[in-house]
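Shown here: model-v5.tsv, TSV, C-alpha atoms.
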```
chain	number	residue	atom	x	y	z
U	1407	MET	CA	-78.07	-11.57	40.98
U	1408	ARG	CA	-76.77	-12.90	37.63
U	1409	ARG	CA	-80.32	-13.76	36.55
U	1410	ALA	CA	-81.47	-10.24	37.47
U	1411	ARG	CA	-78.68	-8.72	35.34
U	1412	ARG	CA	-79.63	-10.88	32.36
U	1413	THR	CA	-83.29	-9.98	32.76
U	1414	ARG	CA	-82.47	-6.26	32.91
U	1415	GLY	CA	-80.28	-6.54	29.83
U	1416	ARG	CA	-82.93	-8.43	27.84
U	1417	THR	CA	-85.61	-5.96	28.90
U	1418	VAL	CA	-83.54	-2.97	27.77
U	1419	THR	CA	-82.72	-4.66	24.47
U	1420	LEU	CA	-86.38	-5.49	23.81
U	1421	ALA	CA	-87.51	-1.97	24.78
U	1422	LEU	CA	-84.96	-0.35	22.46
U	1423	THR	CA	-85.95	-2.72	19.64
U	1424	ALA	CA	-89.63	-1.89	20.13
U	1425	ALA	CA	-88.85	1.84	20.09
U	1426	ILE	CA	-86.84	1.44	16.87
U	1427	ILE	CA	-89.72	-0.44	15.19
U	1428	THR	CA	-92.17	2.26	16.27
U	1429	VAL	CA	-90.05	5.13	14.91
U	1430	PHE	CA	-89.26	3.07	11.78
U	1431	CYS	CA	-92.98	2.71	11.02
U	1432	ALA	CA	-93.67	6.38	11.79
U	1433	ALA	CA	-90.86	7.48	9.46
U	1434	LEU	CA	-92.37	5.44	6.61
U	1435	CYS	CA	-95.91	6.70	7.25
U	1436	VAL	CA	-95.36	10.42	7.88
U	1437	GLY	CA	-94.36	12.90	5.18
U	1438	ASP	CA	-95.72	15.46	2.74
U	1439	LEU	CA	-98.08	12.67	1.66
U	1440	ALA	CA	-99.17	10.49	4.58
U	1441	VAL	CA	-99.26	6.75	3.91
U	1442	PRO	CA	-101.46	4.54	6.14
U	1443	LEU	CA	-99.65	1.76	7.97
U	1444	ARG	CA	-101.52	-0.94	6.04
U	1445	ASP	CA	-100.26	0.57	2.76
U	1446	VAL	CA	-96.73	0.72	4.19
U	1447	ILE	CA	-96.94	-2.99	4.99
U	1448	GLY	CA	-98.34	-3.60	1.52
U	1449	ALA	CA	-95.48	-1.67	-0.07
U	1450	LEU	CA	-92.89	-3.66	1.89
U	1451	THR	CA	-94.53	-6.96	0.94
U	1452	GLY	CA	-95.09	-5.98	-2.70
U	1453	THR	CA	-98.90	-5.84	-2.63
U	1454	ALA	CA	-99.48	-2.06	-2.54
U	1455	ASP	CA	-100.31	0.17	-5.49
U	1456	PRO	CA	-97.38	1.68	-7.48
U	1457	GLY	CA	-97.79	5.11	-5.88
U	1458	ALA	CA	-97.47	3.84	-2.31
U	1459	HIS	CA	-94.64	1.53	-3.37
U	1460	PHE	CA	-92.70	4.44	-4.87
U	1461	ILE	CA	-93.15	6.68	-1.81
U	1462	VAL	CA	-92.35	4.02	0.76
U	1463	VAL	CA	-89.74	1.83	-0.93
U	1464	GLU	CA	-88.01	4.27	-3.25
U	1465	LEU	CA	-88.12	7.49	-1.23
U	1466	ARG	CA	-88.43	6.78	2.48
U	1467	LEU	CA	-87.11	3.26	3.11
U	1468	PRO	CA	-83.48	3.89	2.02
U	1469	ARG	CA	-83.27	6.92	4.29
U	1470	VAL	CA	-84.59	5.11	7.35
U	1471	LEU	CA	-82.46	2.00	6.80
U	1472	LEU	CA	-79.35	4.08	6.20
U	1473	GLY	CA	-80.04	5.99	9.42
U	1474	LEU	CA	-80.44	2.73	11.34
U	1475	LEU	CA	-77.18	1.26	10.08
U	1476	VAL	CA	-75.21	4.48	10.47
U	1477	GLY	CA	-76.49	4.96	14.02
U	1478	ALA	CA	-75.76	1.36	14.99
U	1479	ALA	CA	-72.22	1.57	13.61
U	1480	PHE	CA	-71.49	4.85	15.39
U	1481	GLY	CA	-73.02	3.60	18.64
U	1482	LEU	CA	-71.03	0.38	18.59
U	1483	SER	CA	-67.83	2.19	17.66
U	1484	GLY	CA	-68.21	4.67	20.52
U	1485	ALA	CA	-68.90	1.87	23.01
U	1486	LEU	CA	-65.78	0.01	21.90
U	1487	PHE	CA	-63.55	3.09	22.16
U	1488	GLN	CA	-64.87	4.15	25.57
U	1489	ALA	CA	-64.70	0.65	27.05
U	1490	LEU	CA	-61.26	-0.14	25.64
U	1491	LEU	CA	-59.64	3.20	26.53
U	1492	ARG	CA	-61.67	3.56	29.75
U	1493	ASN	CA	-62.37	7.20	29.04
U	1494	PRO	CA	-65.80	8.82	28.40
U	1495	LEU	CA	-64.23	11.25	25.90
U	1496	ALA	CA	-62.90	8.41	23.75
U	1497	SER	CA	-65.29	8.76	20.86
U	1498	PRO	CA	-64.37	8.83	17.15
U	1499	ASP	CA	-65.83	12.32	16.69
U	1500	VAL	CA	-63.75	13.65	19.60
U	1501	ILE	CA	-60.38	11.95	19.10
U	1502	GLY	CA	-59.83	12.70	15.42
U	1503	ILE	CA	-61.16	9.62	13.59
U	1504	SER	CA	-64.16	11.40	12.06
U	1505	GLN	CA	-61.99	14.44	11.33
U	1506	GLY	CA	-59.61	12.20	9.39
U	1507	ALA	CA	-62.49	10.82	7.34
U	1508	SER	CA	-63.80	14.34	6.74
U	1509	ALA	CA	-60.45	15.75	5.62
U	1510	ALA	CA	-59.91	12.87	3.20
U	1511	ALA	CA	-63.44	13.13	1.80
U	1512	VAL	CA	-63.22	16.90	1.31
U	1513	LEU	CA	-59.81	16.53	-0.36
U	1514	ALA	CA	-61.19	13.81	-2.64
U	1515	SER	CA	-64.28	15.85	-3.49
U	1516	LEU	CA	-62.72	19.28	-3.98
U	1517	GLY	CA	-59.27	18.26	-5.16
U	1518	PHE	CA	-60.04	15.26	-7.36
U	1519	ALA	CA	-63.80	15.64	-8.03
U	1520	LEU	CA	-64.55	12.16	-6.65
U	1521	SER	CA	-68.08	11.15	-5.69
U	1522	GLY	CA	-70.15	8.08	-4.82
U	1523	LEU	CA	-68.23	4.97	-3.81
U	1524	ALA	CA	-64.87	6.58	-4.51
U	1525	LEU	CA	-65.68	9.37	-2.08
U	1526	SER	CA	-66.79	6.86	0.54
U	1527	ALA	CA	-63.58	4.88	0.06
U	1528	ALA	CA	-61.57	8.07	0.55
U	1529	ALA	CA	-63.42	8.80	3.80
U	1530	LEU	CA	-62.77	5.27	5.08
U	1531	ALA	CA	-59.10	5.54	4.15
U	1532	GLY	CA	-58.88	8.88	5.96
U	1533	ALA	CA	-60.35	7.37	9.12
U	1534	LEU	CA	-57.91	4.44	9.04
U	1535	LEU	CA	-54.88	6.67	8.38
U	1536	SER	CA	-55.76	9.11	11.15
U	1537	ALA	CA	-56.27	6.22	13.59
U	1538	ALA	CA	-52.90	4.74	12.61
U	1539	LEU	CA	-51.22	8.12	13.15
U	1540	ILE	CA	-52.86	8.59	16.55
U	1541	HIS	CA	-51.91	5.06	17.62
U	1542	ALA	CA	-48.31	5.56	16.53
U	1543	LEU	CA	-47.96	8.87	18.38
U	1544	ALA	CA	-49.81	7.71	21.52
U	1545	ARG	CA	-47.97	4.42	21.83
U	1546	ARG	CA	-45.20	4.42	24.41
U	1547	GLY	CA	-44.71	0.81	25.44
U	1548	HIS	CA	-48.46	0.41	25.59
U	1549	VAL	CA	-51.48	2.52	24.63
U	1550	SER	CA	-52.77	4.67	27.48
U	1551	GLY	CA	-56.39	5.79	27.27
U	1552	ALA	CA	-55.72	9.36	28.42
U	1553	ARG	CA	-52.70	9.73	26.11
U	1554	PHE	CA	-54.63	8.31	23.16
U	1555	VAL	CA	-57.45	10.81	23.76
U	1556	LEU	CA	-55.12	13.80	24.10
U	1557	VAL	CA	-53.15	12.90	20.98
U	1558	GLY	CA	-56.41	12.27	19.13
U	1559	VAL	CA	-57.84	15.65	20.09
U	1560	GLY	CA	-54.68	17.32	18.80
U	1561	ILE	CA	-54.66	15.35	15.55
U	1562	GLY	CA	-58.37	16.08	15.12
U	1563	ALA	CA	-57.77	19.82	15.50
U	1564	ALA	CA	-55.01	19.72	12.88
U	1565	LEU	CA	-57.20	17.75	10.46
U	1566	SER	CA	-60.10	20.17	11.00
U	1567	SER	CA	-57.76	23.01	10.06
U	1568	ILE	CA	-56.89	21.21	6.82
U	1569	THR	CA	-60.59	20.75	6.07
U	1570	SER	CA	-61.28	24.43	6.73
U	1571	TYR	CA	-58.43	25.47	4.44
U	1572	LEU	CA	-59.72	23.24	1.63
U	1573	LEU	CA	-63.22	24.67	1.99
U	1574	THR	CA	-62.13	28.32	2.03
U	1575	SER	CA	-59.86	27.89	-0.99
U	1576	SER	CA	-62.46	26.20	-3.21
U	1577	GLN	CA	-65.38	27.38	-5.32
U	1578	VAL	CA	-68.46	28.42	-3.35
U	1579	THR	CA	-70.80	25.85	-4.89
U	1580	ALA	CA	-68.39	22.97	-4.34
U	1581	ALA	CA	-67.70	24.14	-0.79
U	1582	GLN	CA	-71.43	24.25	-0.04
U	1583	ASN	CA	-71.88	20.64	-1.13
U	1584	ALA	CA	-68.88	19.54	0.91
U	1585	PHE	CA	-70.09	21.48	3.94
U	1586	LEU	CA	-73.48	19.75	3.76
U	1587	TRP	CA	-71.73	16.36	3.80
U	1588	LEU	CA	-69.58	17.48	6.74
U	1589	THR	CA	-72.71	18.27	8.73
U	1590	GLY	CA	-73.88	14.67	8.49
U	1591	SER	CA	-77.03	14.27	6.43
U	1592	LEU	CA	-79.44	11.56	5.29
U	1593	ASN	CA	-81.20	13.85	2.81
U	1594	GLY	CA	-81.50	12.24	-0.61
U	1595	SER	CA	-80.42	8.79	0.62
U	1596	THR	CA	-80.63	6.01	-1.96
U	1597	LEU	CA	-80.23	2.25	-2.02
U	1598	ALA	CA	-76.91	2.78	-3.77
U	1599	GLN	CA	-75.58	4.31	-0.55
U	1600	LEU	CA	-77.12	1.57	1.58
U	1601	TRP	CA	-75.61	-1.57	0.01
U	1602	PRO	CA	-71.90	-0.75	0.57
U	1603	LEU	CA	-72.57	0.07	4.23
U	1604	LEU	CA	-74.63	-3.09	4.70
U	1605	GLY	CA	-71.91	-5.20	3.10
U	1606	ALA	CA	-69.23	-3.64	5.31
U	1607	LEU	CA	-71.26	-4.24	8.46
U	1608	LEU	CA	-71.88	-7.86	7.51
U	1609	VAL	CA	-68.10	-8.29	7.64
U	1610	LEU	CA	-67.34	-6.01	10.60
U	1611	LEU	CA	-70.02	-7.14	13.04
U	1612	PRO	CA	-68.86	-10.80	13.25
U	1613	LEU	CA	-65.25	-9.63	13.52
U	1614	THR	CA	-66.24	-7.27	16.34
U	1615	ALA	CA	-68.13	-10.04	18.13
U	1616	VAL	CA	-65.02	-12.24	18.03
U	1617	ALA	CA	-62.66	-9.43	19.10
U	1618	ALA	CA	-64.99	-8.33	21.92
U	1619	ARG	CA	-64.57	-11.64	23.77
U	1620	ASP	CA	-61.47	-10.13	25.44
U	1621	LEU	CA	-63.01	-6.71	26.10
U	1622	GLU	CA	-64.21	-7.39	29.63
U	1623	THR	CA	-60.79	-8.59	30.79
U	1624	LEU	CA	-59.08	-5.64	29.09
U	1625	ARG	CA	-61.35	-3.30	31.02
U	1626	LEU	CA	-59.77	-4.64	34.23
U	1627	GLY	CA	-56.39	-3.21	33.21
U	1628	ASP	CA	-53.46	-4.48	31.16
U	1629	ASP	CA	-51.67	-6.24	34.02
U	1630	THR	CA	-54.78	-8.05	35.20
U	1631	ALA	CA	-55.77	-8.98	31.65
U	1632	ALA	CA	-52.28	-10.34	30.96
U	1633	GLY	CA	-52.43	-12.28	34.21
U	1634	LEU	CA	-55.68	-13.87	33.07
U	1635	GLY	CA	-54.02	-15.02	29.85
U	1636	THR	CA	-55.35	-12.35	27.47
U	1637	PRO	CA	-52.98	-11.34	24.65
U	1638	VAL	CA	-53.27	-7.65	25.51
U	1639	ALA	CA	-51.53	-5.99	22.58
U	1640	ARG	CA	-53.16	-8.18	19.94
U	1641	SER	CA	-56.65	-7.95	21.45
U	1642	ARG	CA	-56.40	-4.18	21.89
U	1643	LEU	CA	-55.26	-3.69	18.30
U	1644	ALA	CA	-58.09	-5.88	16.98
U	1645	LEU	CA	-60.71	-3.96	18.96
U	1646	LEU	CA	-59.28	-0.59	17.91
U	1647	GLY	CA	-59.31	-1.72	14.30
U	1648	CYS	CA	-62.96	-2.75	14.50
U	1649	ALA	CA	-63.95	0.51	16.23
U	1650	VAL	CA	-62.13	2.63	13.64
U	1651	ALA	CA	-63.57	0.66	10.72
U	1652	LEU	CA	-67.13	0.97	12.10
U	1653	ALA	CA	-66.77	4.73	12.48
U	1654	GLY	CA	-65.13	4.98	9.07
U	1655	VAL	CA	-67.83	3.13	7.11
U	1656	ALA	CA	-70.59	5.05	8.91
U	1657	THR	CA	-68.91	8.37	8.14
U	1658	ALA	CA	-68.37	7.31	4.54
U	1659	ALA	CA	-72.09	6.59	4.16
U	1660	ALA	CA	-73.65	9.70	5.72
U	1661	GLY	CA	-70.90	12.04	6.79
U	1662	PRO	CA	-69.66	12.63	10.34
U	1663	VAL	CA	-73.00	12.63	12.19
U	1664	ALA	CA	-71.91	14.35	15.36
U	1665	PHE	CA	-72.08	13.00	18.92
U	1666	VAL	CA	-73.96	9.74	18.16
U	1667	ALA	CA	-70.92	7.64	19.05
U	1668	PHE	CA	-70.23	9.93	22.00
U	1669	VAL	CA	-73.58	9.66	23.79
U	1670	SER	CA	-74.91	6.22	22.79
U	1671	ALA	CA	-72.74	4.14	25.12
U	1672	PRO	CA	-73.35	6.28	28.26
U	1673	ILE	CA	-77.10	6.14	27.63
U	1674	ALA	CA	-76.95	2.37	27.12
U	1675	ARG	CA	-74.89	1.84	30.27
U	1676	ARG	CA	-77.32	3.99	32.24
U	1677	LEU	CA	-80.22	1.87	30.97
U	1678	ALA	CA	-78.39	-1.42	31.57
U	1679	PRO	CA	-75.80	-0.62	34.27
U	1680	THR	CA	-74.78	-4.23	34.83
U	1681	SER	CA	-74.17	-5.16	31.19
U	1682	GLY	CA	-70.46	-4.30	31.10
U	1683	ALA	CA	-69.54	-2.45	27.92
U	1684	ALA	CA	-73.19	-2.77	26.77
U	1685	LEU	CA	-72.21	-3.16	23.12
U	1686	VAL	CA	-75.59	-4.33	21.83
U	1687	PRO	CA	-77.62	-1.73	23.77
U	1688	ALA	CA	-75.18	0.96	22.59
U	1689	ALA	CA	-75.66	-0.06	18.95
U	1690	LEU	CA	-79.44	-0.05	19.37
U	1691	THR	CA	-79.30	3.32	21.15
U	1692	GLY	CA	-77.25	4.78	18.32
U	1693	ALA	CA	-79.70	3.47	15.72
U	1694	LEU	CA	-82.69	4.85	17.65
U	1695	LEU	CA	-80.98	8.19	18.22
U	1696	VAL	CA	-80.24	8.74	14.53
U	1697	ILE	CA	-83.71	7.85	13.20
U	1698	VAL	CA	-85.42	9.92	15.92
U	1699	ALA	CA	-83.11	12.87	15.17
U	1700	ASP	CA	-83.73	12.51	11.44
U	1701	PHE	CA	-87.49	12.32	11.98
U	1702	ALA	CA	-87.31	15.51	14.05
U	1703	ALA	CA	-85.13	17.17	11.43
U	1704	GLN	CA	-87.69	16.37	8.72
U	1705	HIS	CA	-90.98	17.06	10.46
U	1706	LEU	CA	-90.62	18.78	13.83
U	1707	LEU	CA	-88.09	21.61	13.39
U	1708	TRP	CA	-89.30	24.70	11.56
U	1709	SER	CA	-90.32	24.36	7.91
U	1710	SER	CA	-87.20	23.08	6.14
U	1711	GLN	CA	-85.38	19.77	6.44
U	1712	PHE	CA	-82.24	20.06	8.54
U	1713	PRO	CA	-79.33	17.64	8.26
U	1714	VAL	CA	-79.56	15.01	10.97
U	1715	GLY	CA	-76.15	16.08	12.27
U	1716	VAL	CA	-77.62	19.42	13.37
U	1717	VAL	CA	-80.13	17.69	15.62
U	1718	THR	CA	-77.62	15.21	17.09
U	1719	SER	CA	-75.31	18.15	17.85
U	1720	LEU	CA	-78.11	19.79	19.81
U	1721	ILE	CA	-78.26	16.61	21.91
U	1722	GLY	CA	-74.57	15.88	22.23
U	1723	ALA	CA	-73.09	19.32	22.83
U	1724	PRO	CA	-74.84	19.87	26.20
U	1725	TYR	CA	-73.76	16.39	27.30
U	1726	LEU	CA	-70.14	17.18	26.41
U	1727	LEU	CA	-70.30	20.43	28.42
U	1728	TRP	CA	-71.84	18.60	31.38
U	1729	LEU	CA	-69.18	15.90	31.19
U	1730	LEU	CA	-66.36	18.46	31.14
U	1731	ALA	CA	-67.93	20.40	34.02
U	1732	ARG	CA	-68.23	17.23	36.10
U	1733	ALA	CA	-64.66	16.26	35.29
U	1734	ASN	CA	-63.50	19.71	36.36
U	1735	ARG	CA	-65.26	19.28	39.71
U	1736	THR	CA	-63.84	15.82	40.32
U	1737	GLY	CA	-60.43	16.62	38.86
U	1738	ARG	CA	-60.45	13.74	36.38
U	1739	LEU	CA	-62.06	12.45	33.20
U	1740	GLY	CA	-63.67	9.09	33.84
```

As structure tokens:
Amino acid sequence: MRRARRTRGRTVTLALTAAIITVFCAALCVGDLAVPLRDVIGALTGTADPGAHFIVVELRLPRVLLGLLVGAAFGLSGALFQALLRNPLASPDVIGISQGASAAAVLASLGFALSGLALSAAALAGALLSAALIHALARRGHVSGARFVLVGVGIGAALSSITSYLLTSSQVTAAQNAFLWLTGSLNGSTLAQLWPLLGALLVLLPLTAVAARDLETLRLGDDTAAGLGTPVARSRLALLGCAVALAGVATAAAGPVAFVAFVSAPIARRLAPTSGAALVPAALTGALLVIVADFAAQHLLWSSQFPVGVVTSLIGAPYLLWLLARANRTGRLG
């Protein structure tokens, strides 16, 4: 039985990796000017002509890599939240984390004219502050998953109202730019956006791997986890911190790309039902979802390039409605 579970998990991981490589290559080849795969490989290895190198390395590669990292961070963050709080609605874009990042970024952009790394830092700070506020309000002895979600939804609604007020009280041009960021977009991605996110993930991923060692026992419930010797409060806080930071750095890099964190973990668990929290499959699913959605936004939907957040919303919104309808029938969420 255990060998069968491991085999299923490895098969799902390999299949998702193969799908990511396929879409990655397609995204580098397809565009207004098609580039053959051999020239793409040449550009990546430094042997192609300057024209192919410019198209592949300067224009397309940053966008695809940024989409991969953003999707992986959102997918992993959503899996951590949902496993830790044992609630399918516990996703950073539902419980107010992304809204906190958005409000802080819009305030920094419209109120203080910040951009680039400063804007990303403001978004990350907003995510951390909103998470701290939700944790403080939801904590009553210990953190309950349902209470955390309800408080987060309320805080998220309040933060969305602040964002809307800032947008409506600003100049039209500035509001348009901020609104595009709020949609979640990879348009115009550059290597300058990629490096800070890559550096943050190089720190966060090992920390998450260490913190996640207690995740399976925490999923059994606080009393059981404590009985098994797990430091519940400390482990829960560490996992929440990693989940918030992952969502924050992803939002800072590309805006609040909707529903990626929300749907990645359920898809991963459906593919690998015996893999527990399925953290690695969820990260790979998030990465695949974002680059597929961005490819569709560029080449498959009408004639103009849509922000990737529009496409992920088309995927996630029906799932949210289905989840709420099912919860209404069963009388519970999760």

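What separates CA of Leu1586 (chain U) from CA of Gly1661 (chain U) is a distance of 8.7 Å.
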
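Proximity ranking of U:Val1669, U:Gly1715, U:Ala1544, U:Ala1656 relative to Val1500 (chain U) places U:Val1669 first, based on only C-alpha atoms.
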
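For the atom pair formed by CA of Gly1590 (chain U) and CA of Pro1662 (chain U), the distance is 5.0 Å, given to one decimal.
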
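Using only C-alpha atoms, the smallest distance between any of U:Thr1453, U:Gln1582, U:Gln1599, U:Thr1417 and Thr1657 (chain U) comes from U:Gln1599.
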
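Closest approach to Ala1598 (chain U) from the set U:Leu1543, U:Leu1523, U:Leu1645, U:Leu1443 is made by U:Leu1523, with distances taken over all atoms listed in the file.
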
Query - Shell of 8 Å around region 1689-1705 of chain U, all atoms listed in the file, local chain residues under 5 positions omitted, as a ChimeraX atom specification - result: /U:1419,1422-1423,1425-1426,1429-1430,1433,1437,1470,1473-1482,1592,1666-1667,1670-1671,1673-1674,1710-1714,1717-1718

Report summary line: For Leu1530 (chain U), the closest of U:Thr1574, U:Ala1440, U:Leu1608, U:Ala1651 counting only C-alpha atoms is U:Ala1651

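Using only C-alpha atoms, the smallest distance between any of U:Leu1516, U:Leu1539, U:Ala1424, U:Ala1496 and Tyr1571 (chain U) comes from U:Leu1516.
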
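Counting all atoms listed in the file, the residue from U:Ile1568, U:Val1650, U:Leu1486, U:Ala1542 that sits nearest to Ser1504 (chain U) is U:Val1650.
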
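Of note, CA of Arg1414 (chain U) and CA of Pro1612 (chain U) are spaced 24.3 Å apart.
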
Query - Neighbour list for Gly1627 (chain U) as a PyMOL selection string, cut-off 10 Å, all atoms listed in the file, skip fewer than 3 positions in-chain - result: chain U and resi 1490-1492+1622-1624+1630-1633+1638

Query raised in the report: If you count all atoms listed in the file, which residues fall within 12 Å of Leu1621 (chain U), apart from same-chain ones fewer than 6 positions away, as a count of residues only?
Result: 27

Requested in this report: Write out as a ChimeraX atom specification each polymer residue whose atoms come within 12 Å of Leu1467 (chain U), counting only C-alpha atoms; drop sequence neighbours fewer than 5 positions from it.
Outcome: /U:1430-1436,1446-1447,1449-1450,1458-1462,1472-1474,1592,1594-1597,1600,1697

Each side padded by 3 Å, which centre and which edge lengths in Å (one decimal) define the axis-aligned box around the listed atoms of region 1435-1440 of chain U? Give them as AutoDock Vina command-line options.
```
--center_x -96.8 --center_y 11.1 --center_z 4.8 --size_x 10.8 --size_y 14.8 --size_z 12.2
```
